>>> print(open('model38.txt').read())   # compact mmCIF, C-alpha atoms
# COMPACT_ATOMS: atom_id res chain seq x y z
CA MET A 178 -96.98 -76.53 133.03
CA ALA A 179 -94.45 -77.22 135.78
CA SER A 180 -94.16 -74.94 138.80
CA ASN A 181 -92.05 -71.80 138.52
CA ASN A 182 -91.78 -71.75 134.76
CA LEU A 183 -92.92 -68.66 132.88
CA TYR A 184 -95.30 -68.59 129.92
CA GLN A 185 -95.72 -65.32 128.05
CA TYR A 186 -97.98 -64.35 125.18
CA SER A 187 -96.72 -61.49 122.96
CA VAL A 188 -93.95 -59.04 123.85
CA VAL A 189 -93.86 -55.56 125.36
CA SER A 190 -92.31 -54.20 122.15
CA ALA A 191 -95.53 -55.11 120.33
CA LEU A 192 -97.57 -53.13 122.87
CA MET A 193 -95.18 -50.20 122.52
CA HIS A 194 -95.96 -50.21 118.79
CA GLY A 195 -99.70 -50.50 119.43
CA ILE A 196 -99.99 -54.10 118.22
CA CYS A 197 -102.50 -55.65 120.60
CA GLU A 198 -105.64 -56.62 118.66
CA THR A 199 -106.19 -60.19 119.82
CA GLY A 200 -104.67 -63.16 121.63
CA PRO A 201 -105.46 -66.49 123.29
CA SER A 202 -108.51 -67.00 125.49
CA ILE A 203 -108.23 -66.71 129.24
CA SER A 204 -109.16 -70.40 129.56
CA HIS A 205 -106.08 -71.23 127.43
CA ILE A 206 -103.94 -68.88 129.52
CA LEU A 207 -105.02 -70.41 132.84
CA ALA A 208 -103.85 -73.83 131.66
CA HIS A 209 -100.30 -72.42 131.97
CA GLY A 210 -100.41 -71.20 135.56
CA ASP A 211 -102.20 -69.61 138.50
CA HIS A 212 -100.46 -66.24 139.05
CA GLY A 213 -99.79 -63.58 136.44
CA LEU A 214 -100.48 -60.21 134.89
CA GLY A 215 -101.25 -58.67 131.51
CA THR A 216 -103.79 -56.74 129.48
CA VAL A 217 -106.66 -57.23 127.04
CA PRO A 218 -107.01 -56.31 123.34
CA HIS A 219 -106.57 -52.60 122.60
CA LEU A 220 -104.95 -52.21 126.05
CA ASN A 221 -108.32 -51.57 127.68
CA GLY A 222 -107.29 -51.91 131.32
CA GLU A 223 -105.22 -54.23 133.48
CA ILE A 224 -105.32 -57.97 134.16
CA ILE A 225 -104.14 -59.70 137.33
CA ILE A 226 -104.27 -63.46 137.85
CA MET A 227 -104.26 -64.54 141.47
CA ASP A 228 -104.75 -68.06 142.84
CA GLY A 229 -106.05 -69.31 139.49
CA LYS A 230 -108.62 -66.52 139.00
CA ALA A 231 -108.34 -63.63 136.56
CA TYR A 232 -109.54 -60.09 137.27
CA HIS A 233 -109.93 -57.33 134.67
CA PHE A 234 -109.86 -53.71 135.81
CA PRO A 235 -111.10 -51.50 132.94
CA PRO A 236 -110.32 -47.77 132.86
CA ASP A 237 -113.97 -46.68 133.03
CA SER A 238 -114.95 -48.57 136.18
CA PRO A 239 -113.62 -48.69 139.75
CA ARG A 240 -114.59 -52.36 140.03
CA PRO A 241 -113.41 -55.42 138.12
CA ARG A 242 -115.25 -56.71 135.07
CA LYS A 243 -116.36 -60.33 134.93
CA ILE A 244 -114.13 -62.32 132.59
CA ASP A 245 -115.69 -64.98 130.37
CA PRO A 246 -113.67 -68.12 129.50
CA THR A 247 -113.54 -67.06 125.84
CA ASP A 248 -112.28 -63.52 126.50
CA ARG A 249 -108.99 -62.80 124.70
CA MET A 250 -105.76 -61.53 126.22
CA ALA A 251 -103.35 -59.34 124.24
CA PHE A 252 -100.37 -59.76 126.59
CA ILE A 253 -99.89 -62.15 129.51
CA MET A 254 -97.10 -63.37 131.77
CA ILE A 255 -98.17 -66.31 133.92
CA THR A 256 -96.54 -68.91 136.17
CA ARG A 257 -97.58 -71.75 138.44
CA PHE A 258 -96.34 -70.04 141.59
CA ASN A 259 -94.55 -72.25 144.13
CA PRO A 260 -92.40 -69.97 146.29
CA THR A 261 -88.90 -71.08 147.16
CA PHE A 262 -88.18 -67.96 149.22
CA SER A 263 -90.27 -66.24 151.89
CA LYS A 264 -89.89 -63.81 154.75
CA ARG A 265 -91.92 -61.59 157.05
CA LEU A 266 -91.21 -57.87 157.15
CA ALA A 267 -92.53 -55.06 159.32
CA THR A 268 -92.43 -52.63 156.40
CA LEU A 269 -91.66 -52.60 152.68
CA THR A 270 -91.67 -50.01 149.90
CA MET A 271 -91.24 -50.10 146.14
CA SER A 272 -87.70 -48.77 146.54
CA SER A 273 -86.72 -51.34 149.20
CA LEU A 274 -88.22 -54.37 147.41
CA GLU A 275 -85.02 -55.23 145.55
CA SER A 276 -82.91 -55.38 148.72
CA ALA A 277 -85.69 -57.33 150.52
CA LEU A 278 -85.35 -60.08 147.91
CA ALA A 279 -81.75 -60.85 148.92
CA PRO A 280 -80.20 -63.31 148.29
CA LEU A 281 -82.27 -63.91 145.11
CA LEU A 282 -81.19 -60.43 144.08
CA PRO A 283 -78.50 -59.69 143.15
CA THR A 284 -77.15 -63.26 142.99
CA GLN A 285 -79.75 -64.34 140.37
CA GLN A 286 -80.28 -61.06 138.51
CA ASN A 287 -80.03 -62.79 135.11
CA ARG A 288 -83.09 -64.94 135.81
CA PHE A 289 -86.75 -64.02 135.98
CA ILE A 290 -88.19 -63.93 139.50
CA SER A 291 -91.87 -64.20 140.41
CA ILE A 292 -92.93 -62.11 143.42
CA ARG A 293 -95.98 -62.07 145.68
CA VAL A 294 -96.48 -59.50 148.46
CA GLU A 295 -99.38 -59.77 150.91
CA ALA A 296 -99.63 -56.72 153.16
CA THR A 297 -101.55 -53.79 154.54
CA PHE A 298 -100.80 -50.73 152.41
CA PRO A 299 -100.91 -47.37 154.18
CA GLN A 300 -100.50 -45.98 150.68
CA ILE A 301 -100.45 -47.57 147.25
CA TRP A 302 -100.49 -45.93 143.82
CA PHE A 303 -101.55 -47.76 140.68
CA ARG A 304 -102.80 -47.00 137.21
CA VAL A 305 -105.31 -48.52 134.84
CA ILE A 306 -104.28 -47.92 131.23
CA PRO A 307 -106.91 -46.30 128.96
CA ALA A 308 -108.01 -48.06 125.79
CA GLN A 309 -106.66 -47.20 122.35
CA THR A 310 -108.72 -44.58 120.55
CA THR A 311 -107.07 -45.11 117.16
CA PRO A 312 -105.56 -48.20 115.51
CA ARG A 313 -101.96 -48.88 116.51
CA GLU A 314 -101.96 -46.16 119.19
CA PRO A 315 -98.71 -46.92 121.06
CA LEU A 316 -98.52 -47.69 124.76
CA VAL A 317 -96.44 -44.63 125.56
CA ASP A 318 -99.21 -42.36 124.20
CA LEU A 319 -101.83 -44.15 126.29
CA ALA A 320 -99.65 -43.75 129.37
CA ARG A 321 -99.73 -39.98 128.90
CA ARG A 322 -103.55 -40.13 129.21
CA GLN A 323 -103.62 -42.46 132.20
CA SER A 324 -104.84 -41.50 135.64
CA ILE A 325 -103.08 -42.61 138.82
CA ARG A 326 -105.32 -44.03 141.53
CA GLU A 327 -104.35 -43.91 145.19
CA LYS A 328 -105.65 -46.06 148.04
CA GLU A 329 -104.90 -45.67 151.73
CA HIS A 330 -104.99 -48.27 154.49
CA VAL A 331 -106.03 -51.12 152.22
CA ARG A 332 -105.21 -54.80 152.58
CA GLY A 333 -104.24 -56.57 149.40
CA VAL A 334 -101.76 -58.52 147.30
CA LEU A 335 -99.14 -57.54 144.75
CA PHE A 336 -98.00 -60.03 142.18
CA GLY A 337 -95.56 -59.70 139.35
CA PHE A 338 -92.10 -60.34 138.02
CA TRP A 339 -88.54 -59.13 138.11
CA SER A 340 -87.19 -59.39 134.56
CA PRO A 341 -83.46 -59.23 133.78
CA VAL A 342 -82.02 -56.36 131.78
CA PHE A 343 -81.41 -58.54 128.71
CA ALA A 344 -85.18 -59.20 128.48
CA SER A 345 -86.12 -55.54 127.92
CA GLY A 346 -88.44 -55.39 124.92
CA PHE A 347 -89.71 -58.88 125.59
CA SER A 348 -90.87 -57.82 129.06
CA VAL A 349 -90.29 -54.87 131.39
CA ALA A 350 -86.75 -54.97 132.76
CA GLY A 351 -86.87 -54.76 136.55
CA PHE A 352 -90.13 -54.92 138.48
CA HIS A 353 -93.57 -55.23 136.87
CA LEU A 354 -96.26 -55.58 139.55
CA HIS A 355 -100.06 -55.55 139.62
CA PHE A 356 -102.29 -55.05 142.68
CA LEU A 357 -105.49 -56.73 143.87
CA SER A 358 -107.28 -55.55 147.01
CA ALA A 359 -108.34 -58.18 149.55
CA ASP A 360 -112.01 -57.55 148.74
CA HIS A 361 -111.22 -57.96 145.00
CA ASN A 362 -112.88 -54.62 144.28
CA THR A 363 -109.91 -52.60 143.08
CA GLY A 364 -106.55 -53.08 141.42
CA GLY A 365 -104.19 -52.14 138.64
CA HIS A 366 -100.57 -51.63 137.58
CA VAL A 367 -98.45 -50.60 140.58
CA VAL A 368 -96.33 -47.45 140.35
CA GLY A 369 -95.49 -47.12 144.06
CA PHE A 370 -96.40 -48.43 147.49
CA GLU A 371 -95.76 -48.36 151.23
CA ALA A 372 -96.57 -51.62 153.01
CA GLU A 373 -96.81 -52.91 156.58
CA ASP A 374 -97.21 -56.39 158.10
CA VAL A 375 -95.67 -57.88 154.99
CA SER A 376 -95.51 -61.46 153.80
CA LEU A 377 -93.03 -61.61 150.91
CA ALA A 378 -92.67 -64.71 148.75
CA ALA A 379 -90.72 -65.32 145.55
CA ALA A 380 -89.36 -67.94 143.21
CA SER A 381 -86.55 -68.04 140.68
CA ILE A 382 -87.72 -69.00 137.19
CA GLY A 383 -85.62 -71.38 135.15
CA GLU A 384 -87.70 -71.79 132.00
CA TYR A 385 -89.13 -68.90 129.94
CA ARG A 386 -91.47 -69.64 127.03
CA ILE A 387 -92.90 -67.01 124.66
CA GLN A 388 -95.78 -67.49 122.25
CA LEU A 389 -95.68 -64.82 119.55
CA PRO A 390 -98.86 -63.43 117.97
CA ASP A 391 -99.82 -64.83 114.59
CA ASP A 392 -102.19 -62.12 113.34
CA ALA A 393 -101.58 -59.89 110.32
CA SER A 394 -100.74 -56.75 112.31
CA PHE A 395 -97.87 -58.50 114.10
CA HIS A 396 -96.35 -59.73 110.82
CA GLU A 397 -96.91 -56.53 108.84
CA ALA A 398 -93.64 -54.71 109.61
CA PRO A 399 -90.52 -55.13 111.74
CA LEU A 400 -91.15 -53.94 115.29
CA GLY A 401 -87.78 -52.24 115.64
CA SER A 402 -85.95 -51.69 118.89
CA VAL A 403 -87.55 -49.96 121.86
CA GLY A 404 -85.40 -48.30 124.49
CA ALA A 405 -85.67 -49.38 128.13
CA GLU A 406 -86.28 -45.74 129.13
CA ASP A 407 -89.31 -45.56 126.80
CA ILE A 408 -90.70 -48.80 128.21
CA HIS A 409 -90.30 -47.57 131.79
CA GLU A 410 -91.98 -44.28 130.89
CA ALA A 411 -94.92 -46.18 129.43
CA GLU A 412 -95.07 -48.48 132.45
CA GLY A 413 -94.99 -45.63 134.93
CA ALA A 414 -91.72 -46.66 136.54
>>> encode(input="model38.txt", output="structure tokens")
Amino acid sequence: MASNNLYQYSVVSALMHGICETGPSISHILAHGDHGLGTVPHLNGEIIIMDGKAYHFPPDSPRPRKIDPTDRMAFIMITRFNPTFSKRLATLTMSSLESALAPLLPTQQNRFISIRVEATFPQIWFRVIPAQTTPREPLVDLARRQSIREKEHVRGVLFGFWSPVFASGFSVAGFHLHFLSADHNTGGHVVGFEAEDVSLAAASIGEYRIQLPDDASFHEAPLGSVGAEDIHEAEGA
């Protein structure tokens, strides 16, 4: 897959309806890129892909679980990251990230943007989603049972995507970021951060490819529309 294109398996609307039983293997996923994020079947934790390696943070462990090549992914967004934009910053926060990406934002707000932030984090907050306890348990219900983890004075990397408003339901409109500590011992879905000594890199994405699930649960009934507010509630934004 060419640099700075985006491959995605499944859609956020399917997760919102609790449809997340299976998916392609991680070895298949890694053929499409080297940086990404996602989750595993039954939403049992968070996935981050950094520099061609995948890390799974389950809800019942503070450390990542080893991923086998045949392990399945229920939702993934992945790109071959080749930044076309970079800058150094003394400080950065979740709320200032959008303005820090100028001129990519707002001039290219109808394109996907991949984002990597290397920094020291005086504070960072992230969640690891709990697994489904019943079939088809929707993402928003799992989010109500999640716990927020906080780390202080940790070095690490954020990676994720800015998705345009029109993509809501396919992905998360706005920022969707996952965290990996420099020692690779902790990480998850970012809900807030304060960063220092920042290296910010990004790339505008011109090609967006989605592979839809082909299992019975995905075909069983129409997904229906999901509001952006519901998605952001489920994603902790």
>>> atom_distance(input="model38.txt", atom1="CA of Leu274 in chain A", atom2="CA of Ser376 in chain A")
12.0 Å
>>> closest_residue(input="model38.txt", among="A:Gln323, A:Thr297, A:Ser345, A:Ser190", to="Phe370 in chain A", atoms="all atoms listed in the file")
A:Thr297
>>> atom_distance(input="model38.txt", atom1="CA of Pro307 in chain A", atom2="CA of Ile224 in chain A")
12.9 Å
>>> residues_around(input="model38.txt", residues="His205 in chain A", least_positions_apart="4", cutoff="9 Å", atoms="all atoms listed in the file", output="list in words")
Pro201, His209, Pro246 and Thr247 of chain A
>>> residues_around(input="model38.txt", residues="Ser272 in chain A", least_positions_apart="4", cutoff="12 Å", atoms="only C-alpha atoms", output="PyMOL selection string")
chain A and resi 268+276-278+351-352+368-372+414
>>> atom_distance(input="model38.txt", atom1="CA of Thr199 in chain A", atom2="CA of Phe395 in chain A")
10.2 Å
>>> residues_around(input="model38.txt", residues="Phe356 in chain A", least_positions_apart="5", cutoff="6 Å", atoms="all atoms listed in the file", output="ChimeraX atom specification")
/A:334-335,364-365
>>> closest_residue(input="model38.txt", among="A:Glu412, A:Leu207, A:Trp302, A:Asn181", to="Arg321 in chain A", atoms="only C-alpha atoms")
A:Glu412
>>> residues_around(input="model38.txt", residues="Arg322 in chain A", least_positions_apart="3", cutoff="10 Å", atoms="only C-alpha atoms", output="list of chain:residue names")
A:Ile306, A:Pro307, A:Ala308, A:Val317, A:Asp318, A:Leu319, A:Ile325
>>> write_last_selection(input="model38.txt", atoms="C-alpha atoms", output="mmCIF file, in the coordinates of the input")
data_model
loop_
_atom_site.group_PDB
_atom_site.id
_atom_site.type_symbol
_atom_site.label_atom_id
_atom_site.label_comp_id
_atom_site.auth_asym_id
_atom_site.auth_seq_id
_atom_site.Cartn_x
_atom_site.Cartn_y
_atom_site.Cartn_z
ATOM 1 C CA ILE A 306 -104.280 -47.920 131.230
ATOM 2 C CA PRO A 307 -106.910 -46.300 128.960
ATOM 3 C CA ALA A 308 -108.010 -48.060 125.790
ATOM 4 C CA VAL A 317 -96.440 -44.630 125.560
ATOM 5 C CA ASP A 318 -99.210 -42.360 124.200
ATOM 6 C CA LEU A 319 -101.830 -44.150 126.290
ATOM 7 C CA ILE A 325 -103.080 -42.610 138.820
#
>>> build_atoms(input="model38.txt", residues="range 268-279 of chain A", atoms="all heavy atoms", output="compact mmCIF listing (two decimals), in the frame of the given file")
# COMPACT_ATOMS: atom_id res chain seq x y z
N THR A 268 -92.10 -53.63 157.41
CA THR A 268 -92.43 -52.63 156.40
C THR A 268 -91.73 -52.98 155.09
O THR A 268 -90.72 -53.70 155.07
CB THR A 268 -92.00 -51.21 156.82
OG1 THR A 268 -90.58 -51.17 156.99
CG2 THR A 268 -92.70 -50.78 158.11
N LEU A 269 -92.25 -52.42 154.01
CA LEU A 269 -91.66 -52.60 152.68
C LEU A 269 -92.15 -51.47 151.80
O LEU A 269 -93.29 -51.01 151.93
CB LEU A 269 -92.09 -53.94 152.09
CG LEU A 269 -91.51 -54.35 150.74
CD1 LEU A 269 -90.01 -54.65 150.86
CD2 LEU A 269 -92.23 -55.58 150.17
N THR A 270 -91.29 -51.01 150.89
CA THR A 270 -91.67 -50.01 149.90
C THR A 270 -91.21 -50.48 148.52
O THR A 270 -90.43 -51.43 148.40
CB THR A 270 -91.04 -48.64 150.20
OG1 THR A 270 -89.61 -48.75 150.04
CG2 THR A 270 -91.37 -48.15 151.59
N MET A 271 -91.68 -49.77 147.50
CA MET A 271 -91.24 -50.10 146.14
C MET A 271 -89.72 -49.99 146.04
O MET A 271 -89.06 -50.83 145.42
CB MET A 271 -91.92 -49.15 145.15
CG MET A 271 -91.76 -49.53 143.70
SD MET A 271 -92.93 -50.82 143.23
CE MET A 271 -92.88 -50.67 141.44
N SER A 272 -89.14 -48.98 146.67
CA SER A 272 -87.70 -48.77 146.54
C SER A 272 -86.89 -49.77 147.35
O SER A 272 -85.70 -50.00 147.05
CB SER A 272 -87.33 -47.34 146.96
OG SER A 272 -87.70 -47.10 148.30
N SER A 273 -87.47 -50.37 148.39
CA SER A 273 -86.72 -51.34 149.20
C SER A 273 -86.99 -52.79 148.79
O SER A 273 -86.39 -53.71 149.36
CB SER A 273 -87.06 -51.17 150.69
OG SER A 273 -88.40 -51.52 150.96
N LEU A 274 -87.87 -53.01 147.80
CA LEU A 274 -88.22 -54.37 147.41
C LEU A 274 -87.02 -55.15 146.90
O LEU A 274 -86.84 -56.33 147.23
CB LEU A 274 -89.33 -54.34 146.35
CG LEU A 274 -89.80 -55.68 145.81
CD1 LEU A 274 -90.27 -56.61 146.93
CD2 LEU A 274 -90.91 -55.48 144.78
N GLU A 275 -86.17 -54.51 146.11
CA GLU A 275 -85.02 -55.23 145.55
C GLU A 275 -84.11 -55.76 146.65
O GLU A 275 -83.71 -56.93 146.64
CB GLU A 275 -84.24 -54.33 144.60
CG GLU A 275 -83.08 -55.03 143.93
CD GLU A 275 -82.42 -54.22 142.84
OE1 GLU A 275 -83.02 -53.21 142.41
OE2 GLU A 275 -81.31 -54.60 142.41
N SER A 276 -83.78 -54.93 147.64
CA SER A 276 -82.91 -55.38 148.72
C SER A 276 -83.61 -56.42 149.59
O SER A 276 -82.95 -57.31 150.14
CB SER A 276 -82.45 -54.19 149.57
OG SER A 276 -83.55 -53.52 150.15
N ALA A 277 -84.94 -56.35 149.72
CA ALA A 277 -85.69 -57.33 150.52
C ALA A 277 -85.65 -58.72 149.90
O ALA A 277 -85.85 -59.71 150.58
CB ALA A 277 -87.13 -56.87 150.69
N LEU A 278 -85.39 -58.79 148.60
CA LEU A 278 -85.35 -60.08 147.91
C LEU A 278 -83.99 -60.77 147.99
O LEU A 278 -83.80 -61.83 147.40
CB LEU A 278 -85.75 -59.91 146.44
CG LEU A 278 -87.24 -59.69 146.19
CD1 LEU A 278 -87.49 -59.19 144.78
CD2 LEU A 278 -88.01 -60.98 146.45
N ALA A 279 -83.04 -60.18 148.71
CA ALA A 279 -81.75 -60.85 148.92
C ALA A 279 -81.99 -62.17 149.66
O ALA A 279 -82.80 -62.23 150.57
CB ALA A 279 -80.83 -59.94 149.73
